[in-house]
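my_file.pdb (PDB, C-alpha atoms)
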```
ATOM      1  CA  MET A   2      31.569  49.197 -47.194
ATOM      2  CA  THR A   3      29.099  47.068 -45.232
ATOM      3  CA  GLY A   4      28.188  43.714 -46.761
ATOM      4  CA  VAL A   5      31.061  43.747 -49.254
ATOM      5  CA  ALA A   6      34.124  41.707 -48.351
ATOM      6  CA  SER A   7      37.431  43.487 -48.747
ATOM      7  CA  LYS A   8      39.813  42.279 -51.417
ATOM      8  CA  ARG A   9      43.023  40.828 -50.074
ATOM      9  CA  THR A  10      46.080  39.012 -51.318
ATOM     10  CA  PRO A  11      46.579  35.450 -50.002
ATOM     11  CA  SER A  12      49.638  35.088 -47.797
ATOM     12  CA  LEU A  13      51.845  32.193 -46.700
ATOM     13  CA  SER A  14      52.975  31.451 -43.167
ATOM     14  CA  ASN A  15      56.596  30.511 -42.456
ATOM     15  CA  GLU A  16      55.648  26.829 -42.256
ATOM     16  CA  GLU A  17      53.768  27.011 -45.552
ATOM     17  CA  MET A  18      56.647  28.797 -47.264
ATOM     18  CA  ALA A  19      58.992  26.054 -46.049
ATOM     19  CA  GLU A  20      56.613  23.406 -47.409
ATOM     20  CA  TYR A  21      56.641  24.890 -50.892
ATOM     21  CA  TRP A  22      60.299  25.900 -50.853
ATOM     22  CA  THR A  23      61.699  22.340 -50.535
ATOM     23  CA  PRO A  24      60.772  21.186 -54.060
ATOM     24  CA  LEU A  25      61.777  24.606 -55.426
ATOM     25  CA  GLU A  26      65.194  24.337 -53.843
ATOM     26  CA  ARG A  27      65.612  20.904 -55.388
ATOM     27  CA  ASP A  28      64.792  22.230 -58.859
ATOM     28  CA  LEU A  29      67.056  25.229 -58.463
ATOM     29  CA  SER A  30      69.971  23.205 -57.140
ATOM     30  CA  GLN A  31      69.809  20.955 -60.201
ATOM     31  CA  LEU A  32      71.069  23.874 -62.229
ATOM     32  CA  ALA A  33      74.148  24.335 -60.074
ATOM     33  CA  ILE A  34      77.464  24.066 -61.907
ATOM     34  CA  GLY A  35      79.573  25.313 -59.021
ATOM     35  CA  LYS A  36      79.469  27.040 -55.722
ATOM     36  CA  GLU A  37      79.242  30.478 -57.262
ATOM     37  CA  SER A  38      76.294  29.716 -59.527
ATOM     38  CA  PHE A  39      74.299  28.090 -56.725
ATOM     39  CA  GLN A  40      74.878  31.017 -54.377
ATOM     40  CA  SER A  41      72.712  33.325 -56.470
ATOM     41  CA  TRP A  42      69.814  30.902 -56.147
ATOM     42  CA  HIS A  43      70.477  30.288 -52.456
ATOM     43  CA  ILE A  44      70.016  33.996 -51.755
ATOM     44  CA  MET A  45      66.360  33.583 -52.739
ATOM     45  CA  LYS A  46      65.878  31.260 -49.788
ATOM     46  CA  THR A  47      67.772  33.296 -47.207
ATOM     47  CA  SER A  48      66.570  36.765 -48.149
ATOM     48  CA  SER A  49      63.021  37.435 -46.969
ATOM     49  CA  SER A  50      62.687  40.494 -49.158
ATOM     50  CA  THR A  51      63.632  38.551 -52.316
ATOM     51  CA  PHE A  52      61.291  35.733 -51.381
ATOM     52  CA  ALA A  53      58.465  38.225 -50.895
ATOM     53  CA  LEU A  54      59.185  39.632 -54.328
ATOM     54  CA  ALA A  55      59.003  36.134 -55.828
ATOM     55  CA  VAL A  56      55.609  35.662 -54.214
ATOM     56  CA  THR A  57      54.445  38.992 -55.640
ATOM     57  CA  VAL A  58      55.610  38.059 -59.145
ATOM     58  CA  ALA A  59      53.819  34.748 -58.917
ATOM     59  CA  LEU A  60      50.640  36.479 -57.803
ATOM     60  CA  LEU A  61      50.800  39.068 -60.579
ATOM     61  CA  ALA A  62      51.336  36.285 -63.093
ATOM     62  CA  GLY A  63      47.973  34.735 -62.391
ATOM     63  CA  CYS A  64      46.668  34.995 -58.873
ATOM     64  CA  GLY A  65      45.280  38.531 -58.775
ATOM     65  CA  PRO A  66      42.757  39.774 -56.227
ATOM     66  CA  LYS A  67      39.984  37.360 -55.293
ATOM     67  CA  SER A  68      36.323  38.149 -55.814
ATOM     68  CA  SER A  69      34.004  38.672 -52.894
ATOM     69  CA  ASN A  70      32.800  35.082 -53.277
ATOM     70  CA  ASP A  71      36.319  33.834 -52.539
ATOM     71  CA  SER A  72      37.028  36.061 -49.546
ATOM     72  CA  SER A  73      35.266  34.127 -46.809
ATOM     73  CA  SER A  74      37.299  32.501 -44.080
ATOM     74  CA  THR A  75      36.376  29.039 -45.353
ATOM     75  CA  SER A  76      38.301  29.657 -48.594
ATOM     76  CA  GLN A  77      41.648  30.387 -46.898
ATOM     77  CA  PRO A  78      43.117  26.842 -47.246
ATOM     78  CA  SER A  79      42.453  26.718 -51.000
ATOM     79  CA  GLU A  80      43.849  30.239 -51.443
ATOM     80  CA  THR A  81      47.029  29.257 -49.621
ATOM     81  CA  ALA A  82      47.430  26.091 -51.659
ATOM     82  CA  SER A  83      46.839  27.996 -54.883
ATOM     83  CA  THR A  84      49.425  30.632 -53.969
ATOM     84  CA  GLY A  85      52.076  28.056 -53.136
ATOM     85  CA  GLN A  86      51.372  26.041 -56.259
ATOM     86  CA  GLN A  87      51.638  29.105 -58.491
ATOM     87  CA  LEU A  88      54.887  30.119 -56.801
ATOM     88  CA  GLN A  89      56.290  26.649 -57.413
ATOM     89  CA  GLU A  90      55.156  26.676 -61.043
ATOM     90  CA  ALA A  91      56.688  30.116 -61.582
ATOM     91  CA  ALA A  92      60.060  29.058 -60.183
ATOM     92  CA  SER A  93      59.993  25.784 -62.135
ATOM     93  CA  LYS A  94      59.430  27.808 -65.307
ATOM     94  CA  VAL A  95      62.487  29.918 -64.483
ATOM     95  CA  VAL A  96      64.509  26.741 -63.971
ATOM     96  CA  ALA A  97      63.417  25.318 -67.336
ATOM     97  CA  GLU A  98      64.152  28.539 -69.208
ATOM     98  CA  ALA A  99      67.600  28.881 -67.587
ATOM     99  CA  ALA A 100      68.727  25.296 -68.304
ATOM    100  CA  PRO A 101      70.053  25.928 -71.849
ATOM    101  CA  ALA A 102      72.048  28.919 -70.634
ATOM    102  CA  VAL A 103      73.550  26.855 -67.809
ATOM    103  CA  LYS A 104      74.636  24.161 -70.251
ATOM    104  CA  GLN A 105      76.146  26.773 -72.529
ATOM    105  CA  GLN A 106      78.054  28.222 -69.576
ATOM    106  CA  ALA A 107      79.467  24.767 -68.784
ATOM    107  CA  GLN A 108      80.803  24.551 -72.331
ATOM    108  CA  GLU A 109      82.131  28.105 -72.442
ATOM    109  CA  THR A 110      84.044  27.607 -69.192
ATOM    110  CA  PHE A 111      86.504  25.410 -71.078
ATOM    111  CA  ALA A 112      86.241  27.148 -74.452
ATOM    112  CA  ASN A 113      89.934  28.171 -74.434
ATOM    113  CA  LEU A 114      91.292  25.162 -72.532
ATOM    114  CA  SER A 115      93.215  23.778 -75.502
ATOM    115  CA  GLN A 116      95.179  26.965 -76.136
ATOM    116  CA  GLN A 117      95.753  27.490 -72.420
ATOM    117  CA  LEU A 118      97.262  24.017 -72.101
ATOM    118  CA  ILE A 119      99.530  24.624 -75.080
ATOM    119  CA  ASP A 120     100.607  28.002 -73.683
ATOM    120  CA  SER A 121     101.321  26.473 -70.259
ATOM    121  CA  THR A 122     103.673  23.869 -71.773
ATOM    122  CA  LYS A 123     107.246  24.704 -72.660
ATOM    123  CA  GLY A 124     107.596  24.200 -76.404
ATOM    124  CA  GLY A 125     103.909  23.358 -76.652
ATOM    125  CA  SER A 126     103.350  25.593 -79.650
ATOM    126  CA  THR A 127     105.659  23.439 -81.783
ATOM    127  CA  ASP A 128     104.502  20.019 -80.576
ATOM    128  CA  ALA A 129     101.877  18.764 -83.040
ATOM    129  CA  LEU A 130     100.894  15.748 -80.922
ATOM    130  CA  LEU A 131     100.470  17.899 -77.825
ATOM    131  CA  LYS A 132      98.230  20.281 -79.771
ATOM    132  CA  ASN A 133      96.018  17.442 -80.980
ATOM    133  CA  ILE A 134      95.724  15.942 -77.508
ATOM    134  CA  SER A 135      94.921  19.366 -76.012
ATOM    135  CA  THR A 136      92.164  20.011 -78.543
ATOM    136  CA  ASP A 137      90.612  16.615 -77.909
ATOM    137  CA  LEU A 138      90.906  17.005 -74.130
ATOM    138  CA  GLN A 139      89.023  20.300 -74.331
ATOM    139  CA  GLY A 140      86.124  18.584 -76.089
ATOM    140  CA  ARG A 141      86.047  15.703 -73.618
ATOM    141  CA  VAL A 142      86.160  18.009 -70.589
ATOM    142  CA  SER A 143      83.408  20.265 -71.974
ATOM    143  CA  LYS A 144      81.182  17.269 -72.669
ATOM    144  CA  LEU A 145      81.690  15.909 -69.155
ATOM    145  CA  ALA A 146      81.152  19.320 -67.555
ATOM    146  CA  THR A 147      77.834  19.724 -69.368
ATOM    147  CA  SER A 148      76.731  16.295 -68.189
ATOM    148  CA  LEU A 149      77.651  17.232 -64.606
ATOM    149  CA  SER A 150      75.499  20.382 -64.557
ATOM    150  CA  ASP A 151      73.336  18.773 -61.846
ATOM    151  CA  ASN A 152      76.286  17.431 -59.825
ATOM    152  CA  ALA A 153      78.079  20.429 -58.361
ATOM    153  CA  ALA A 154      80.484  18.438 -56.176
ATOM    154  CA  VAL A 155      81.934  16.340 -58.997
ATOM    155  CA  LYS A 156      81.930  19.378 -61.309
ATOM    156  CA  GLU A 157      84.091  21.175 -58.754
ATOM    157  CA  GLN A 158      86.504  18.212 -58.684
ATOM    158  CA  LEU A 159      86.787  18.382 -62.467
ATOM    159  CA  ASN A 160      87.455  22.130 -62.329
ATOM    160  CA  SER A 161      90.211  21.617 -59.745
ATOM    161  CA  ALA A 162      91.909  18.926 -61.847
ATOM    162  CA  VAL A 163      91.820  21.147 -64.936
ATOM    163  CA  GLN A 164      93.275  24.081 -62.996
ATOM    164  CA  ALA A 165      96.082  21.815 -61.785
ATOM    165  CA  LEU A 166      96.852  20.887 -65.406
ATOM    166  CA  LEU A 167      96.974  24.568 -66.362
ATOM    167  CA  GLY A 168      99.309  25.239 -63.441
ATOM    168  CA  ASN A 169     101.643  22.374 -64.445
ATOM    169  CA  LYS A 170     100.834  20.576 -61.194
ATOM    170  CA  ASP A 171     100.529  17.325 -63.064
ATOM    171  CA  ILE A 172     100.621  14.902 -60.127
ATOM    172  CA  ASP A 173      97.772  16.845 -58.490
ATOM    173  CA  ALA A 174      95.892  16.861 -61.798
ATOM    174  CA  ILE A 175      96.273  13.095 -62.232
ATOM    175  CA  ALA A 176      95.155  12.514 -58.633
ATOM    176  CA  GLY A 177      92.099  14.714 -59.214
ATOM    177  CA  LEU A 178      91.136  12.979 -62.448
ATOM    178  CA  ASN A 179      91.608   9.582 -60.798
ATOM    179  CA  ALA A 180      89.323  10.644 -57.949
ATOM    180  CA  LEU A 181      86.527  11.291 -60.443
ATOM    181  CA  THR A 182      86.406   7.574 -61.264
ATOM    182  CA  SER A 183      85.267   6.877 -57.684
ATOM    183  CA  ALA A 184      82.391   9.382 -57.787
ATOM    184  CA  LYS A 185      78.756   8.325 -57.982
ATOM    185  CA  LEU A 186      78.004   8.749 -61.678
ATOM    186  CA  THR A 187      75.757   7.398 -64.391
ATOM    187  CA  PRO A 188      77.245   4.752 -66.719
ATOM    188  CA  GLU A 189      77.518   7.365 -69.473
ATOM    189  CA  GLN A 190      79.299   9.804 -67.160
ATOM    190  CA  THR A 191      81.666   7.052 -66.006
ATOM    191  CA  THR A 192      82.676   6.482 -69.625
ATOM    192  CA  MET A 193      83.225  10.209 -70.123
ATOM    193  CA  VAL A 194      85.405  10.372 -66.997
ATOM    194  CA  LYS A 195      87.592   7.561 -68.378
ATOM    195  CA  ASP A 196      87.901   9.402 -71.681
ATOM    196  CA  VAL A 197      88.950  12.580 -69.888
ATOM    197  CA  TYR A 198      91.502  10.658 -67.826
ATOM    198  CA  ASN A 199      93.017   8.984 -70.887
ATOM    199  CA  ALA A 200      93.462  12.297 -72.685
ATOM    200  CA  GLY A 201      94.807  13.919 -69.517
ATOM    201  CA  ALA A 202      97.331  11.098 -69.002
ATOM    202  CA  ALA A 203      98.422  11.409 -72.628
ATOM    203  CA  LEU A 204      98.923  15.152 -72.230
ATOM    204  CA  VAL A 205     100.938  14.771 -69.035
ATOM    205  CA  THR A 206     103.099  12.073 -70.630
ATOM    206  CA  GLN A 207     103.821  13.996 -73.812
ATOM    207  CA  ARG A 208     104.685  17.298 -72.215
ATOM    208  CA  ASN A 209     106.866  15.870 -69.450
ATOM    209  CA  PHE A 210     108.859  13.203 -71.276
ATOM    210  CA  SER A 211     109.017  13.941 -75.013
ATOM    211  CA  SER A 212     112.169  16.006 -74.562
ATOM    212  CA  ILE A 213     114.183  13.094 -73.111
ATOM    213  CA  GLU A 214     117.034  12.363 -75.478
ATOM    214  CA  GLY A 215     116.409   9.418 -77.747
ATOM    215  CA  MET A 216     112.903   8.790 -76.369
ATOM    216  CA  ASN A 217     110.749  11.017 -78.550
ATOM    217  CA  THR A 218     109.317   8.164 -80.641
ATOM    218  CA  ASP A 219     108.637   5.897 -77.664
ATOM    219  CA  VAL A 220     107.030   8.691 -75.646
ATOM    220  CA  ALA A 221     104.811   9.588 -78.612
ATOM    221  CA  ARG A 222     103.806   5.939 -78.919
ATOM    222  CA  LEU A 223     103.039   5.783 -75.181
ATOM    223  CA  ALA A 224     101.016   9.007 -75.242
ATOM    224  CA  THR A 225      99.057   7.936 -78.325
ATOM    225  CA  SER A 226      98.279   4.512 -76.863
ATOM    226  CA  VAL A 227      96.962   5.818 -73.546
ATOM    227  CA  TRP A 228      95.066   8.563 -75.384
ATOM    228  CA  LYS A 229      93.166   5.778 -77.179
ATOM    229  CA  GLY A 230      92.705   3.937 -73.883
ATOM    230  CA  ASN A 231      94.910   1.044 -75.038
ATOM    231  CA  TYR A 232      97.028   0.373 -71.948
ATOM    232  CA  THR A 233      98.178  -2.997 -73.239
ATOM    233  CA  GLU A 234      99.814  -1.278 -76.199
ATOM    234  CA  ALA A 235     101.204   1.369 -73.853
ATOM    235  CA  LEU A 236     103.031  -1.103 -71.596
ATOM    236  CA  THR A 237     106.163  -1.661 -73.718
ATOM    237  CA  PRO A 238     107.035   2.015 -74.360
ATOM    238  CA  LEU A 239     106.171   2.807 -70.721
ATOM    239  CA  GLN A 240     108.607   0.189 -69.450
ATOM    240  CA  LYS A 241     111.289   1.463 -71.788
ATOM    241  CA  LEU A 242     110.709   5.028 -70.611
ATOM    242  CA  TYR A 243     110.707   4.100 -66.922
ATOM    243  CA  SER A 244     114.008   2.241 -67.336
ATOM    244  CA  GLN A 245     115.872   5.350 -68.516
ATOM    245  CA  ALA A 246     118.729   6.136 -66.166
ATOM    246  CA  THR A 247     118.312   9.875 -66.745
ATOM    247  CA  LEU A 248     114.838  10.006 -65.213
ATOM    248  CA  THR A 249     114.604  12.074 -62.032
ATOM    249  CA  ALA A 250     112.750  10.944 -58.918
ATOM    250  CA  PRO A 251     109.854  13.377 -59.587
ATOM    251  CA  GLN A 252     109.542  12.055 -63.153
ATOM    252  CA  LYS A 253     109.345   8.464 -61.925
ATOM    253  CA  GLU A 254     106.798   9.523 -59.317
ATOM    254  CA  LEU A 255     104.660  11.091 -62.049
ATOM    255  CA  LEU A 256     104.802   7.927 -64.169
ATOM    256  CA  SER A 257     103.802   5.852 -61.146
ATOM    257  CA  ALA A 258     100.895   8.138 -60.290
ATOM    258  CA  THR A 259      99.676   8.083 -63.888
ATOM    259  CA  TYR A 260     100.019   4.400 -64.726
ATOM    260  CA  ASP A 261     100.146   2.222 -61.577
ATOM    261  CA  LYS A 262      96.367   1.893 -61.407
ATOM    262  CA  TYR A 263      96.071   0.744 -65.015
ATOM    263  CA  MET A 264      99.147  -1.447 -65.491
ATOM    264  CA  PRO A 265      99.760  -5.023 -64.300
ATOM    265  CA  ALA A 266     101.519  -5.472 -60.980
ATOM    266  CA  GLY A 267     105.288  -5.609 -61.296
ATOM    267  CA  TRP A 268     105.506  -3.556 -64.461
ATOM    268  CA  LYS A 269     108.282  -1.470 -62.924
ATOM    269  CA  ASP A 270     110.321  -4.586 -62.087
ATOM    270  CA  ALA A 271     110.042  -5.683 -65.686
ATOM    271  CA  ALA A 272     111.198  -2.224 -66.718
ATOM    272  CA  GLY A 273     114.276  -2.654 -64.523
ATOM    273  CA  THR A 274     115.003  -5.985 -66.181
ATOM    274  CA  VAL A 275     114.814  -4.321 -69.582
ATOM    275  CA  GLN A 276     117.371  -1.729 -68.486
ATOM    276  CA  LYS A 277     119.745  -4.383 -67.168
ATOM    277  CA  GLY A 278     119.534  -6.198 -70.479
ATOM    278  CA  LEU A 279     120.300  -2.993 -72.356
ATOM    279  CA  ASP A 280     123.277  -2.280 -70.098
ATOM    280  CA  THR A 281     124.604  -5.784 -70.743
ATOM    281  CA  LEU A 282     124.295  -5.339 -74.491
ATOM    282  CA  LYS A 283     126.211  -2.071 -74.251
ATOM    283  CA  GLN A 284     129.053  -3.810 -72.434
ATOM    284  CA  PHE A 285     129.315  -6.480 -75.132
ATOM    285  CA  SER A 286     129.357  -3.826 -77.826
ATOM    286  CA  LYS A 287     132.425  -2.071 -76.382
TER     287      LYS A 287
END
```
Would you mind giving the structure from this file in structure tokens?
Amino acid sequence: MTGVASKRTPSLSNEEMAEYWTPLERDLSQLAIGKESFQSWHIMKTSSSTFALAVTVALLAGCGPKSSNDSSSTSQPSETASTGQQLQEAASKVVAEAAPAVKQQAQETFANLSQQLIDSTKGGSTDALLKNISTDLQGRVSKLATSLSDNAAVKEQLNSAVQALLGNKDIDAIAGLNALTSAKLTPEQTTMVKDVYNAGAALVTQRNFSSIEGMNTDVARLATSVWKGNYTEALTPLQKLYSQATLTAPQKELLSATYDKYMPAGWKDAAGTVQKGLDTLKQFSK
């Protein structure tokens, strides 16, 4: 109809979509807890049809058709800015509403970790100390995982270390947990990583060495000490354990991987001295 401007929906050019997408991508990526969870958000960026749908939803939420007074060519810049802003606000709202669910997912991922660790350990169901350590480790891992909801790379490292524990690949698990201490973390997260490592080291120690004849008490003391983070208290039972002649090469390698970083230099030499002294005492007792 002559003299009446047609109603039209504001549109965004490729450059304008890119301008508004960058902050949206940042907000969305903050919710990532792993590669799989981020992929669903990444599809929004790469799929033009999904992006168009997001624009439509944003428009229906508040844009609507413009009046004839807003349809002149001079109003195009403000229309474009308004459309992009509303799209950004709509996506930010989705991010905010999804955050609690993402945190819950981080906790539920490790909901059965304790029982899985017990089941993966020979004789684990009858080892009271192992059960207690496993339960505590589950809580520490879940707490750390929730804190890492915005750090997908470190979260993936944590997942890998936990999977190694469940697969009885304890040297790989210890290496993975140790690697977390070198990641860029907040002071609070750094403390949580140390707590997870201590519980993980205690678990590995208890389930690999408690069955050694005559060493049950010392191994329990070692596991309990490192569980508390008291490596000074752990030194004596560790040296006694390492000096056992029945230890295999893989067992000694596991002890080295677990404790070298946290024990004073030469602790193994001292352990050898302890064993020599014990051998001498045995000779005199014959």
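Pairwise distance (CA of Leu159 (chain A), CA of Ser212 (chain A)) equals 28.2 Å.
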Take the point (75.8, 12.3, -64.0) as written in the file and pick out every residue within 9 Å of it, counting only C-alpha atoms; give the list as a list of chain:residue names.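 Within the cut-off we find A:Leu145, A:Ser148, A:Leu149, A:Ser150, A:Asp151, A:Asn152, A:Val155, A:Lys185, A:Leu186, A:Thr187, A:Pro188, A:Glu189, A:Gln190, A:Thr191.
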Taking C-alpha atoms for each residue, export the selection above as an mmCIF file, in the frame of the given file.
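Saved result, part_27.cif, follows:
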```cif
data_model
loop_
_atom_site.group_PDB
_atom_site.id
_atom_site.type_symbol
_atom_site.label_atom_id
_atom_site.label_comp_id
_atom_site.auth_asym_id
_atom_site.auth_seq_id
_atom_site.Cartn_x
_atom_site.Cartn_y
_atom_site.Cartn_z
ATOM 1 C CA LEU A 145 81.690 15.909 -69.155
ATOM 2 C CA SER A 148 76.731 16.295 -68.189
ATOM 3 C CA LEU A 149 77.651 17.232 -64.606
ATOM 4 C CA SER A 150 75.499 20.382 -64.557
ATOM 5 C CA ASP A 151 73.336 18.773 -61.846
ATOM 6 C CA ASN A 152 76.286 17.431 -59.825
ATOM 7 C CA VAL A 155 81.934 16.340 -58.997
ATOM 8 C CA LYS A 185 78.756 8.325 -57.982
ATOM 9 C CA LEU A 186 78.004 8.749 -61.678
ATOM 10 C CA THR A 187 75.757 7.398 -64.391
ATOM 11 C CA PRO A 188 77.245 4.752 -66.719
ATOM 12 C CA GLU A 189 77.518 7.365 -69.473
ATOM 13 C CA GLN A 190 79.299 9.804 -67.160
ATOM 14 C CA THR A 191 81.666 7.052 -66.006
#
```
Which polymer residues have any atom within 12 Å of an atom of Thr237 (chain A), counting all atoms listed in the file, with same-chain residues fewer than 5 positions away left out, as a list in words?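 Final neighbour list, sorted by chain and number: Asp219, Val220, Arg222, Leu223, Ala224, Ser226, Val227, Asn231, Tyr232, Leu242, Tyr243, Ser244, Met264, Pro265, Trp268, Lys269, Ala271, Ala272 and Val275 of chain A.
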So the first atom is CA of Ser126 (chain A) and the second is CA of Gln252 (chain A); what is the distance between them in Å, to one decimal place?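 Here the two named atoms are 22.2 Å from each other.
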Could you give me, as a list of chain:residue names, the residues within 7 Å of Ala202 (chain A), counting all atoms listed in the file and dropping anything in the same chain fewer than 4 positions from it?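 With the cut-off at 7 Å, the set is A:Tyr198, A:Thr206, A:Val227, A:Thr259.
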Just give me the gap between CA of Met193 (chain A) and CA of Lys253 (chain A) in Å, one decimal is fine. 27.4 Å
List as a PyMOL selection string the protein and nucleic acid residues near Asp128 (chain A), meaning an atom at most 12 Å away when only C-alpha atoms are counted, but skip any in the same chain fewer than 3 places from it. chain A and resi 118-120+122-125+131-135+204+207-208+211-212+217+221
I'd like to know which of A:Leu255, A:Val142, A:Val194, A:Ala184 is closest to Lys170 (chain A), using all atoms listed in the file.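 That would be A:Leu255, the residue with the smallest distance to Lys170 (chain A).
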Carefully work through the PyMOL selection byres ((chain A and resi 161) around 12) for this structure and note down the residues it includes, as a PyMOL selection string. chain A and resi 35+154-160+162-168+170-171+173-178+180-181
Quick one: 4 Å padding each side, axis-aligned, all listed atoms of region 128-144 of chain A - centre and edge lengths in Å to one decimal, as lines of an AutoDock Vina configuration file?
```
center_x = 92.8
center_y = 18.0
center_z = -76.8
size_x = 31.3
size_y = 12.6
size_z = 20.5
```
Between A:Leu256, A:Ala235, A:Ala250, A:Ala266, single out the one closest to Ile172 (chain A), counting only C-alpha atoms.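 Smallest separation from Ile172 (chain A) among the options: A:Leu256.
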Taking only C-alpha atoms into account, which of A:Ile213, A:Val205, A:Ala246, A:Ala200 comes nearest Gly230 (chain A)? A:Ala200
Residue nearest Lys241 (chain A) among A:Leu130, A:Met216, A:Asn209, A:Thr136 (counting all atoms listed in the file): A:Met216
